[in-house]
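> Contents of my_file_10.cif (mmCIF, C-alpha atoms and all ligand atoms) are given next:
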data_target
loop_
_atom_site.label_atom_id
_atom_site.label_comp_id
_atom_site.auth_asym_id
_atom_site.auth_seq_id
_atom_site.Cartn_x
_atom_site.Cartn_y
_atom_site.Cartn_z
CA MET I 1 106.04 91.45 76.70
CA VAL I 2 107.49 94.79 77.71
CA LEU I 3 107.01 97.75 75.38
CA ASN I 4 108.77 101.09 75.63
CA SER I 5 107.20 103.33 73.00
CA GLY I 6 109.05 106.55 72.22
CA SER I 7 108.08 109.25 69.76
CA SER I 8 109.94 107.60 66.88
CA SER I 9 110.90 104.19 68.27
CA VAL I 10 109.54 101.10 69.99
CA LYS I 11 111.76 98.94 72.19
CA TYR I 12 110.49 95.53 73.16
CA GLN I 13 111.51 92.57 75.27
CA LEU I 14 109.81 89.27 75.68
CA LEU I 15 110.50 87.57 79.02
CA GLU I 16 109.77 84.07 80.30
CA MET I 17 108.55 84.77 83.82
CA THR I 18 109.32 81.39 85.36
CA ASP I 19 113.08 82.03 85.14
CA HIS I 20 113.22 85.67 83.91
CA SER I 21 115.08 84.64 80.75
CA ARG I 22 114.91 86.89 77.66
CA LEU I 23 113.18 85.15 74.77
CA ALA I 24 113.54 88.09 72.43
CA SER I 25 114.36 91.77 72.37
CA GLY I 26 114.66 94.46 69.77
CA LEU I 27 114.06 97.96 68.60
CA VAL I 28 112.09 99.50 65.75
CA GLU I 29 113.44 102.95 64.92
CA ARG I 30 112.61 105.87 62.62
CA ILE I 31 108.83 105.46 63.01
CA GLY I 32 107.12 108.03 60.80
CA GLU I 33 110.48 109.06 59.33
CA GLU I 34 112.01 108.45 55.92
CA GLY I 35 113.17 104.88 55.57
CA GLY I 36 111.18 103.74 58.61
CA VAL I 37 107.71 102.26 59.11
CA ALA I 38 104.70 104.57 58.82
CA ASP I 39 103.42 104.60 62.41
CA HIS I 40 103.36 102.80 65.77
CA ALA I 41 100.74 100.32 64.54
CA ALA I 42 103.04 99.32 61.70
CA ALA I 43 105.97 99.15 64.15
CA LEU I 44 104.12 96.74 66.47
CA ARG I 45 103.03 94.64 63.51
CA GLN I 46 106.69 94.49 62.49
CA VAL I 47 107.68 93.40 66.01
CA SER I 48 104.99 90.75 65.88
CA ALA I 49 106.16 89.53 62.48
CA GLU I 50 109.79 89.37 63.67
CA LEU I 51 108.75 87.29 66.66
CA ARG I 52 106.31 85.08 64.81
CA GLY I 53 109.20 83.23 63.17
CA GLN I 54 110.07 81.99 66.68
CA GLY I 55 106.42 81.29 67.48
CA LEU I 56 106.38 84.29 69.81
CA GLY I 57 104.33 86.96 68.02
CA LEU I 58 101.97 89.36 69.74
CA ASP I 59 99.30 86.93 68.60
CA SER I 60 100.95 84.03 70.46
CA PRO I 61 98.55 82.22 72.81
CA GLU I 62 101.39 81.90 75.34
CA LEU I 63 101.65 85.64 75.83
CA ALA I 64 100.36 86.38 79.35
CA ALA I 65 100.36 90.16 79.48
CA VAL I 66 101.84 93.33 78.02
CA GLY I 67 103.63 95.87 80.21
CA HIS I 68 104.04 99.44 79.00
CA ARG I 69 106.57 101.93 80.27
CA VAL I 70 104.77 105.24 80.84
CA VAL I 71 106.89 108.25 81.68
CA HIS I 72 104.50 110.44 83.68
CA GLY I 73 101.91 109.18 86.14
CA GLY I 74 101.27 112.54 87.82
CA THR I 75 99.82 112.28 91.31
CA ARG I 76 97.12 109.80 90.28
CA PHE I 77 99.23 106.82 89.26
CA THR I 78 101.56 105.90 92.12
CA ALA I 79 101.76 102.17 91.35
CA PRO I 80 101.66 99.86 88.34
CA THR I 81 98.11 99.96 87.00
CA LEU I 82 95.99 97.58 84.96
CA ILE I 83 94.99 99.54 81.86
CA THR I 84 91.30 100.28 81.31
CA ASP I 85 89.63 102.97 79.19
CA ASP I 86 89.49 105.13 82.32
CA VAL I 87 93.20 104.63 83.06
CA LEU I 88 94.07 105.47 79.46
CA ALA I 89 92.00 108.67 79.73
CA GLY I 90 93.89 109.47 82.94
CA ILE I 91 97.25 109.04 81.19
CA GLU I 92 95.98 111.30 78.40
CA GLN I 93 95.11 113.99 80.94
CA LEU I 94 98.78 114.02 81.96
CA VAL I 95 100.05 114.91 78.48
CA PRO I 96 100.62 118.60 79.43
CA LEU I 97 103.11 117.38 82.07
CA ALA I 98 105.02 115.19 79.60
CA PRO I 99 104.19 116.50 76.12
CA LEU I 100 107.05 114.62 74.43
CA HIS I 101 106.76 111.29 76.21
CA ASN I 102 103.21 110.43 77.24
CA PRO I 103 101.66 110.73 73.74
CA ALA I 104 104.07 108.10 72.38
CA ASN I 105 103.38 105.83 75.37
CA ILE I 106 99.63 106.26 74.79
CA THR I 107 99.94 105.37 71.12
CA GLY I 108 101.83 102.19 72.03
CA ILE I 109 99.13 101.22 74.52
CA LYS I 110 96.29 101.85 72.07
CA VAL I 111 97.89 99.85 69.29
CA ALA I 112 98.76 96.93 71.60
CA ARG I 113 95.21 96.89 73.01
CA GLU I 114 93.76 96.82 69.49
CA LEU I 115 96.00 93.91 68.57
CA ARG I 116 95.31 91.98 71.79
CA PRO I 117 92.11 93.19 73.49
CA ASP I 118 91.93 89.89 75.38
CA LEU I 119 95.23 90.38 77.26
CA PRO I 120 95.81 92.21 80.54
CA GLN I 121 97.93 95.27 79.80
CA VAL I 122 99.68 97.19 82.53
CA ALA I 123 101.12 100.71 82.73
CA VAL I 124 104.32 101.03 84.79
CA PHE I 125 105.13 104.65 85.58
CA ASP I 126 108.58 106.22 85.73
CA THR I 127 107.34 108.58 88.43
CA ALA I 128 105.68 106.01 90.73
CA PHE I 129 108.65 105.11 92.97
CA HIS I 130 108.95 108.80 93.90
CA ALA I 131 105.36 109.12 95.14
CA THR I 132 106.60 108.65 98.72
CA ILE I 133 108.77 111.79 98.67
CA PRO I 134 107.52 114.04 101.50
CA GLU I 135 105.98 117.39 100.65
CA SER I 136 108.92 119.30 102.13
CA ALA I 137 111.05 117.75 99.39
CA HIS I 138 108.60 117.67 96.47
CA ARG I 139 107.08 121.15 96.85
CA TYR I 140 108.80 124.05 95.10
CA ALA I 141 108.85 127.30 97.10
CA ILE I 142 106.52 129.25 94.82
CA ASP I 143 102.97 130.52 95.32
CA THR I 144 101.04 127.47 96.51
CA ALA I 145 97.83 128.25 94.63
CA ILE I 146 99.66 128.67 91.32
CA ALA I 147 101.73 125.54 91.90
CA ASP I 148 98.63 123.48 92.69
CA ARG I 149 96.59 124.89 89.82
CA PHE I 150 99.23 123.89 87.28
CA ALA I 151 100.35 120.68 89.03
CA VAL I 152 103.85 122.11 89.48
CA ARG I 153 105.92 120.00 91.90
CA ARG I 154 108.79 117.52 91.92
CA TYR I 155 107.67 114.20 90.47
CA GLY I 156 111.00 112.51 89.68
CA PHE I 157 111.74 109.94 86.96
CA HIS I 158 113.77 106.75 86.38
CA GLY I 159 111.63 105.36 89.22
CA THR I 160 111.52 101.85 87.79
CA SER I 161 115.32 101.80 87.73
CA HIS I 162 115.71 103.30 91.23
CA ALA I 163 113.21 100.75 92.60
CA TYR I 164 114.93 97.78 90.97
CA VAL I 165 118.47 98.90 91.78
CA SER I 166 117.80 99.85 95.41
CA ARG I 167 116.27 96.42 96.06
CA ALA I 168 119.10 94.63 94.24
CA ALA I 169 121.70 96.65 96.18
CA ALA I 170 120.14 95.66 99.51
CA LYS I 171 120.26 92.03 98.40
CA LEU I 172 123.93 92.42 97.42
CA LEU I 173 124.61 93.64 100.96
CA GLY I 174 122.72 90.67 102.38
CA LYS I 175 120.09 92.95 103.93
CA GLU I 176 116.40 93.68 103.58
CA PRO I 177 115.62 96.95 101.75
CA ALA I 178 114.01 98.21 104.97
CA GLU I 179 117.39 98.01 106.73
CA VAL I 180 119.36 100.09 104.23
CA ASN I 181 119.65 103.84 103.54
CA GLN I 182 121.10 104.45 100.12
CA ILE I 183 121.93 107.02 97.50
CA VAL I 184 121.22 105.58 94.05
CA LEU I 185 122.95 107.28 91.14
CA HIS I 186 121.34 106.39 87.81
CA LEU I 187 123.89 107.77 85.35
CA GLY I 188 122.84 107.01 81.78
CA ASN I 189 122.20 109.37 78.91
CA GLY I 190 119.59 110.77 81.27
CA ALA I 191 120.80 110.90 84.87
CA SER I 192 119.18 111.17 88.28
CA ALA I 193 119.95 110.59 91.95
CA ALA I 194 117.55 109.19 94.53
CA ALA I 195 117.73 109.16 98.32
CA VAL I 196 116.15 105.91 99.49
CA ARG I 197 115.50 105.40 103.20
CA GLY I 198 114.67 101.84 104.19
CA GLY I 199 113.39 101.04 100.70
CA VAL I 200 111.27 104.20 100.51
CA CYS I 201 112.25 107.07 98.23
CA VAL I 202 112.52 110.37 100.13
CA ASP I 203 114.15 112.65 97.56
CA THR I 204 115.27 112.72 93.95
CA SER I 205 117.10 115.11 91.66
CA MET I 206 114.68 115.27 88.73
CA GLY I 207 111.66 117.51 89.09
CA LEU I 208 108.50 118.50 87.23
CA THR I 209 110.30 117.19 84.16
CA PRO I 210 113.50 115.17 83.65
CA LEU I 211 115.47 118.40 83.11
CA GLU I 212 116.36 119.17 86.74
CA GLY I 213 119.31 117.82 88.67
CA LEU I 214 122.47 116.15 87.41
CA VAL I 215 124.40 117.05 84.27
CA MET I 216 123.27 114.60 81.56
CA GLY I 217 124.22 113.64 78.01
CA THR I 218 122.25 116.49 76.44
CA ARG I 219 120.38 118.09 79.41
CA SER I 220 121.76 120.89 81.55
CA GLY I 221 120.34 119.70 84.86
CA ASP I 222 120.12 122.40 87.56
CA LEU I 223 120.41 126.04 86.63
CA ASP I 224 119.11 129.32 87.96
CA PRO I 225 115.58 129.57 86.47
CA ALA I 226 116.36 133.20 85.67
CA VAL I 227 118.74 131.91 82.97
CA VAL I 228 115.57 131.24 80.98
CA PHE I 229 114.31 134.85 81.34
CA HIS I 230 117.77 136.13 80.51
CA LEU I 231 117.95 134.09 77.30
CA GLN I 232 114.48 135.35 76.40
CA ARG I 233 115.00 139.04 77.20
CA VAL I 234 118.65 139.51 76.35
CA GLY I 235 119.22 136.60 73.99
CA GLY I 236 115.94 137.03 72.09
CA MET I 237 115.33 133.28 72.17
CA SER I 238 111.85 131.77 72.08
CA THR I 239 110.49 129.39 74.72
CA ASP I 240 110.77 126.47 72.29
CA GLU I 241 114.35 127.39 71.39
CA ILE I 242 115.33 127.48 75.06
CA ASP I 243 113.51 124.19 75.69
CA THR I 244 115.52 122.58 72.89
CA LEU I 245 118.75 124.20 74.09
CA LEU I 246 118.38 122.93 77.66
CA ASN I 247 117.00 119.46 76.86
CA LYS I 248 118.77 118.52 73.64
CA LYS I 249 121.90 120.66 73.24
CA SER I 250 123.23 121.05 76.77
CA GLY I 251 124.92 118.77 79.31
CA LEU I 252 128.05 116.98 78.05
CA LEU I 253 127.02 117.76 74.46
CA GLY I 254 126.76 121.49 75.12
CA LEU I 255 129.98 121.59 77.13
CA ALA I 256 132.20 119.42 74.93
CA GLY I 257 130.34 118.65 71.71
CA ALA I 258 129.84 114.97 72.61
CA ASN I 259 127.09 113.42 74.73
CA ASP I 260 128.80 110.06 75.22
CA MET I 261 131.04 109.67 78.27
CA ARG I 262 133.29 107.26 76.35
CA GLU I 263 134.01 110.00 73.81
CA ILE I 264 134.62 112.49 76.62
CA GLY I 265 137.12 110.02 78.13
CA ARG I 266 138.98 109.53 74.83
CA ARG I 267 139.24 113.27 74.28
CA MET I 268 140.44 113.85 77.84
CA ALA I 269 143.20 111.31 77.24
CA ASP I 270 144.20 113.37 74.18
CA GLY I 271 144.43 116.48 76.35
CA ASP I 272 141.17 118.11 75.16
CA GLU I 273 140.41 120.89 77.66
CA ARG I 274 136.71 121.18 76.81
CA ALA I 275 136.24 117.47 77.44
CA GLN I 276 138.08 117.80 80.76
CA LEU I 277 135.87 120.72 81.76
CA ALA I 278 132.71 118.77 80.81
CA PHE I 279 133.89 115.87 82.98
CA ASP I 280 134.69 118.21 85.87
CA VAL I 281 131.29 119.95 85.71
CA TYR I 282 129.56 116.55 85.52
CA VAL I 283 131.46 115.24 88.54
CA HIS I 284 131.05 118.43 90.58
CA ARG I 285 127.25 118.26 90.22
CA LEU I 286 127.28 114.60 91.19
CA ARG I 287 129.28 115.36 94.35
CA ARG I 288 126.85 118.14 95.27
CA TYR I 289 123.97 115.68 95.19
CA ILE I 290 125.89 113.01 97.09
CA GLY I 291 126.51 115.61 99.80
CA ALA I 292 122.93 116.88 99.77
CA PHE I 293 121.39 113.41 99.94
CA THR I 294 123.82 112.40 102.68
CA ALA I 295 122.35 115.22 104.76
CA VAL I 296 118.79 114.30 103.73
CA LEU I 297 119.29 110.68 104.83
CA GLY I 298 121.40 111.39 107.92
CA ARG I 299 122.85 107.89 107.84
CA VAL I 300 124.04 106.47 104.53
CA ASP I 301 124.71 102.73 104.28
CA ALA I 302 125.34 102.49 100.56
CA ILE I 303 126.08 104.56 97.47
CA VAL I 304 125.01 102.70 94.35
CA PHE I 305 126.01 103.39 90.74
CA THR I 306 123.90 102.21 87.82
CA ALA I 307 123.09 102.76 84.08
CA GLY I 308 125.55 103.26 81.20
CA VAL I 309 127.98 105.67 82.88
CA GLY I 310 127.46 104.43 86.44
CA GLU I 311 128.03 100.78 85.50
CA ASN I 312 130.96 101.36 83.15
CA SER I 313 132.92 104.47 84.03
CA ALA I 314 135.43 103.76 86.80
CA ALA I 315 136.77 107.29 86.23
CA VAL I 316 133.43 108.95 87.04
CA ARG I 317 132.92 106.75 90.12
CA ALA I 318 136.42 107.47 91.40
CA ALA I 319 136.13 111.22 90.85
CA ALA I 320 132.64 111.37 92.39
CA LEU I 321 133.83 109.78 95.64
CA ALA I 322 137.40 111.10 95.90
CA GLY I 323 138.24 112.63 99.27
CA LEU I 324 135.02 111.54 100.98
CA GLU I 325 136.80 109.48 103.65
CA GLY I 326 135.44 111.96 106.22
CA PHE I 327 131.96 110.79 105.16
CA GLY I 328 133.01 107.18 105.72
CA VAL I 329 133.35 106.53 101.97
CA VAL I 330 136.50 104.70 100.84
CA LEU I 331 136.68 103.30 97.32
CA ASP I 332 138.87 100.26 96.56
CA PRO I 333 140.69 101.34 93.37
CA VAL I 334 141.32 97.78 92.23
CA ARG I 335 137.70 96.68 92.69
CA ASN I 336 136.53 99.90 91.04
CA ALA I 337 138.66 99.23 87.96
CA VAL I 338 137.31 95.70 87.42
CA ARG I 339 134.98 95.48 84.44
CA ALA I 340 132.13 93.08 85.09
CA SER I 341 128.47 92.75 84.21
CA ALA I 342 127.27 91.51 87.61
CA GLY I 343 126.42 93.58 90.67
CA ARG I 344 129.49 94.10 92.86
CA LEU I 345 130.94 95.97 95.82
CA ILE I 346 133.73 98.42 95.00
CA SER I 347 134.32 99.92 98.44
CA ALA I 348 137.37 99.17 100.57
CA GLU I 349 137.10 96.83 103.58
CA ASN I 350 137.43 99.80 105.95
CA SER I 351 134.69 101.84 104.23
CA ARG I 352 131.76 102.48 106.59
CA VAL I 353 129.55 103.21 103.57
CA ALA I 354 129.29 100.37 101.04
CA VAL I 355 129.81 101.45 97.45
CA ALA I 356 128.23 99.23 94.81
CA VAL I 357 127.79 98.93 91.08
CA VAL I 358 124.41 97.37 90.26
CA PRO I 359 123.28 96.89 86.65
CA THR I 360 119.79 98.24 86.18
CA ASP I 361 117.07 96.20 84.47
CA GLU I 362 114.00 98.31 83.91
CA GLU I 363 112.45 95.75 81.56
CA LEU I 364 112.60 92.99 84.17
CA GLU I 365 111.07 95.32 86.78
CA ILE I 366 108.24 96.25 84.39
CA ALA I 367 107.73 92.59 83.50
CA ARG I 368 107.51 91.58 87.18
CA ASP I 369 105.05 94.36 88.00
CA THR I 370 102.99 93.49 84.93
CA TYR I 371 102.96 89.75 85.59
CA ALA I 372 102.01 90.25 89.23
CA LEU I 373 99.01 92.40 88.28
CA ALA I 374 97.99 90.10 85.44
CA GLN I 375 98.10 87.09 87.75
CA GLY I 376 96.17 89.03 90.37
CA ARG I 377 93.49 89.63 87.80
CA ALA I 378 93.42 85.95 86.87
CA ASP I 379 93.19 84.99 90.58
CA ALA I 380 90.46 87.55 91.23
CA ARG I 381 88.42 86.07 88.43
CA GLY I 382 88.73 82.65 90.02
CA PRO I 383 88.64 79.29 88.30
CA GLY I 384 86.05 78.99 85.56
CA ALA I 385 84.85 82.59 85.83
CA ALA I 386 83.96 84.23 82.55
CA GLY I 387 85.50 87.32 80.93
P1 LIG I 401 122.06 104.42 79.21
O1 LIG I 401 121.18 105.62 79.01
O2 LIG I 401 121.95 103.82 80.56
O3 LIG I 401 121.96 103.42 78.10
O4 LIG I 401 123.57 104.98 79.15
C1 LIG I 401 124.09 105.43 77.92
C2 LIG I 401 125.39 106.17 78.18
O5 LIG I 401 126.29 105.38 78.95
C3 LIG I 401 126.17 106.49 76.91
O6 LIG I 401 125.73 107.69 76.31
C4 LIG I 401 127.57 106.62 77.45
O7 LIG I 401 127.81 107.97 77.81
C5 LIG I 401 127.60 105.80 78.70
N1 LIG I 401 128.48 104.63 78.57
C6 LIG I 401 128.20 103.44 78.03
N2 LIG I 401 129.27 102.62 78.09
C7 LIG I 401 130.25 103.32 78.69
C8 LIG I 401 131.62 103.05 79.05
N3 LIG I 401 132.18 101.87 78.79
N4 LIG I 401 132.32 104.03 79.67
C9 LIG I 401 131.75 105.22 79.93
N5 LIG I 401 130.49 105.53 79.61
C10 LIG I 401 129.74 104.61 79.00
#
Would you put the structure from the file into structure tokens?
Ligand code: AMP

Amino acid sequence: MVLNSGSSSVKYQLLEMTDHSRLASGLVERIGEEGGVADHAAALRQVSAELRGQGLGLDSPELAAVGHRVVHGGTRFTAPTLITDDVLAGIEQLVPLAPLHNPANITGIKVARELRPDLPQVAVFDTAFHATIPESAHRYAIDTAIADRFAVRRYGFHGTSHAYVSRAAAKLLGKEPAEVNQIVLHLGNGASAAAVRGGVCVDTSMGLTPLEGLVMGTRSGDLDPAVVFHLQRVGGMSTDEIDTLLNKKSGLLGLAGANDMREIGRRMADGDERAQLAFDVYVHRLRRYIGAFTAVLGRVDAIVFTAGVGENSAAVRAAALAGLEGFGVVLDPVRNAVRASAGRLISAENSRVAVAVVPTDEELEIARDTYALAQGRADARGPGAAG
């Protein structure tokens, strides 16, 4: 079972690991809000009750392990980790780095462990895939002592997606991940780019938090940090107000009043200039990162689009890659326009760089990581061993 516990929601999927089929999936929303369940414990009990009808509750003897998505692993957790009291304490120590996300993840872990103390439970970190980024790319150019004291550096996020998609893209090309240099563009409501050299992440657009980088549904992405001082000194805004502005009211929403790219597209078709500007700003930022990561990698074999916008918006893909023939990138407009749910190539035959659309599947990646660790634990115990 894969659990993704947010501050007011729990998403779950139950996967059969022999063939990776989905047995069940769902979402409990409005936790702790009016009309919703009281807390995460009640939410997980509700999930369990929903599944019990199919003989699949959290109390099912067939359940092998529980995998938890955890947003921030800091520098300590650079791989999926079997959860112990010590690991949980370690995740708690990282709350200052992810004050909105880690507490909800921790609550989900605690409740699931209380319900099934006998099961292996695994934390899969959104930051882990980026642990290989070299210091020249993850260190910000500020006073080193201050940066180190407050753990300020680039961590990167969406790592589970970048890991899954970069491996799937290599497979689509008929190559081993080690043979392929790629730029992965995870364009969902949150958005990030990753430069992946031979299967190893060497740079990413998100930073200390998920705010840096690309223009997103409601996040600004990159801006001059002095904008924050300016809004404080001249605008009289508080730190919390600016935090909310940049994380929740910016990006496509701030530019055009809608955070959904489908809505932006509809309004553009109606001649809405704000929607057009939002699209143009979004695409310009994307092109900047494609250029930057091309230089970081030196040789690019593939550019890969994933997540809600990346998988579905032919218009964004076309605009992001227009005029890049000099970089060896030629999109096939017909292939790009095809709507399909499977991974596919959308570059022209004469494109030196392959362009691909690869659906992400973070739940499957978490389930695989979790199952591998859980099995490892079972193997380590050996046949007949106790505990
Ligand atoms: P995700 O976070 O990966 O679930 O992506 C969610 C976002 O994908 C939505 O907010 C939309 O902006 C975008 N999206 C989903 N479907 C489409 C579509 N058909 N065309 C353009 N954007 C889409």
> Got a sec: who's within 12 Å of Leu223 in chain I, counting all atoms listed in the file, leaving out chain neighbours fewer than 5 positions off, as a PyMOL selection string?
chain I and resi 211-215+228-229+246+250-251+285
> With distances taken over all atoms listed in the file, which residue among I:Ala374, I:Ala302, I:Val329, I:Ala258 lies nearest ligand LIG 401 (chain I)?
I:Ala258
> Kindly compile the residues surrounding ligand LIG 401 (chain I) within 10 Å, counting all atoms listed in the file, and format them as a PyMOL selection string.
chain I and resi 161+186-191+216-218+252+258-266+306-316+339+359-361
> Please list as a VMD selection string every residue within 9 Å of Ala168 in chain I, counting all atoms listed in the file and excluding residues in the same chain fewer than 3 positions away.
chain I and resid 163 to 165 171 to 173 177 343 358 to 360
> Smallest atom-to-atom distance to Ala193 in chain I: which of I:Ala123, I:Leu286, I:Ala98, I:Ala170, using all atoms listed in the file?
I:Leu286
> Of the candidates I:Arg274, I:Ile366, I:His101, I:Leu15, which shows the shortest atom-to-atom distance to Pro210 in chain I, using all atoms listed in the file?
I:His101
> Residues around (118.8, 111.5, 106.1), cut-off 10 Å, counting all atoms listed in the file - what are they as a PDB file with C-alpha atoms, keeping the file's coordinate frame?

ATOM      1  CA  ASN I 181     119.650 103.840 103.540  1.00  0.00           C
ATOM      2  CA  GLN I 182     121.100 104.450 100.120  1.00  0.00           C
ATOM      3  CA  ALA I 195     117.730 109.160  98.320  1.00  0.00           C
ATOM      4  CA  VAL I 196     116.150 105.910  99.490  1.00  0.00           C
ATOM      5  CA  ARG I 197     115.500 105.400 103.200  1.00  0.00           C
ATOM      6  CA  VAL I 202     112.520 110.370 100.130  1.00  0.00           C
ATOM      7  CA  ASP I 203     114.150 112.650  97.560  1.00  0.00           C
ATOM      8  CA  ALA I 292     122.930 116.880  99.770  1.00  0.00           C
ATOM      9  CA  PHE I 293     121.390 113.410  99.940  1.00  0.00           C
ATOM     10  CA  THR I 294     123.820 112.400 102.680  1.00  0.00           C
ATOM     11  CA  ALA I 295     122.350 115.220 104.760  1.00  0.00           C
ATOM     12  CA  VAL I 296     118.790 114.300 103.730  1.00  0.00           C
ATOM     13  CA  LEU I 297     119.290 110.680 104.830  1.00  0.00           C
ATOM     14  CA  GLY I 298     121.400 111.390 107.920  1.00  0.00           C
ATOM     15  CA  ARG I 299     122.850 107.890 107.840  1.00  0.00           C
ATOM     16  CA  VAL I 300     124.040 106.470 104.530  1.00  0.00           C
TER      17      VAL I 300
END
> Which of these, I:Phe150, I:Tyr371, I:Phe129, I:Phe279, has the shortest distance to Ser166 in chain I once you count all atoms listed in the file?
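For Ser166 in chain I, the nearest of the given residues is I:Phe129.
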> In file coordinates, which residues lie within 10 Å of (134.7, 99.1, 105.2) using all atoms listed in the file, given as a PyMOL selection string?
chain I and resi 328-332+347-355
> Could you tell me how far CA of Gly57 in chain I lies from CA of Ala43 in chain I, in Å and to one decimal?
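That distance, rounded to one decimal, is 12.9 Å.
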> What is the distance between CA of His138 in chain I and CA of Arg219 in chain I, in Å to one decimal?
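Those two atoms sit 20.7 Å apart.
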> Considering only C-alpha atoms, return as a ChimeraX atom specification whatever protein or nucleic-acid residues lie within 7 Å of Arg154 in chain I, sequence-local ones (same chain, fewer than 4 positions apart) excluded.
/I:138-139,207-208
> For each of I:Leu58, I:Ala131, I:Leu100, I:Ala49, take the minimum atom-to-atom distance to Ala79 in chain I, counting all atoms listed in the file, then give the residue where this is smallest.
I:Ala131
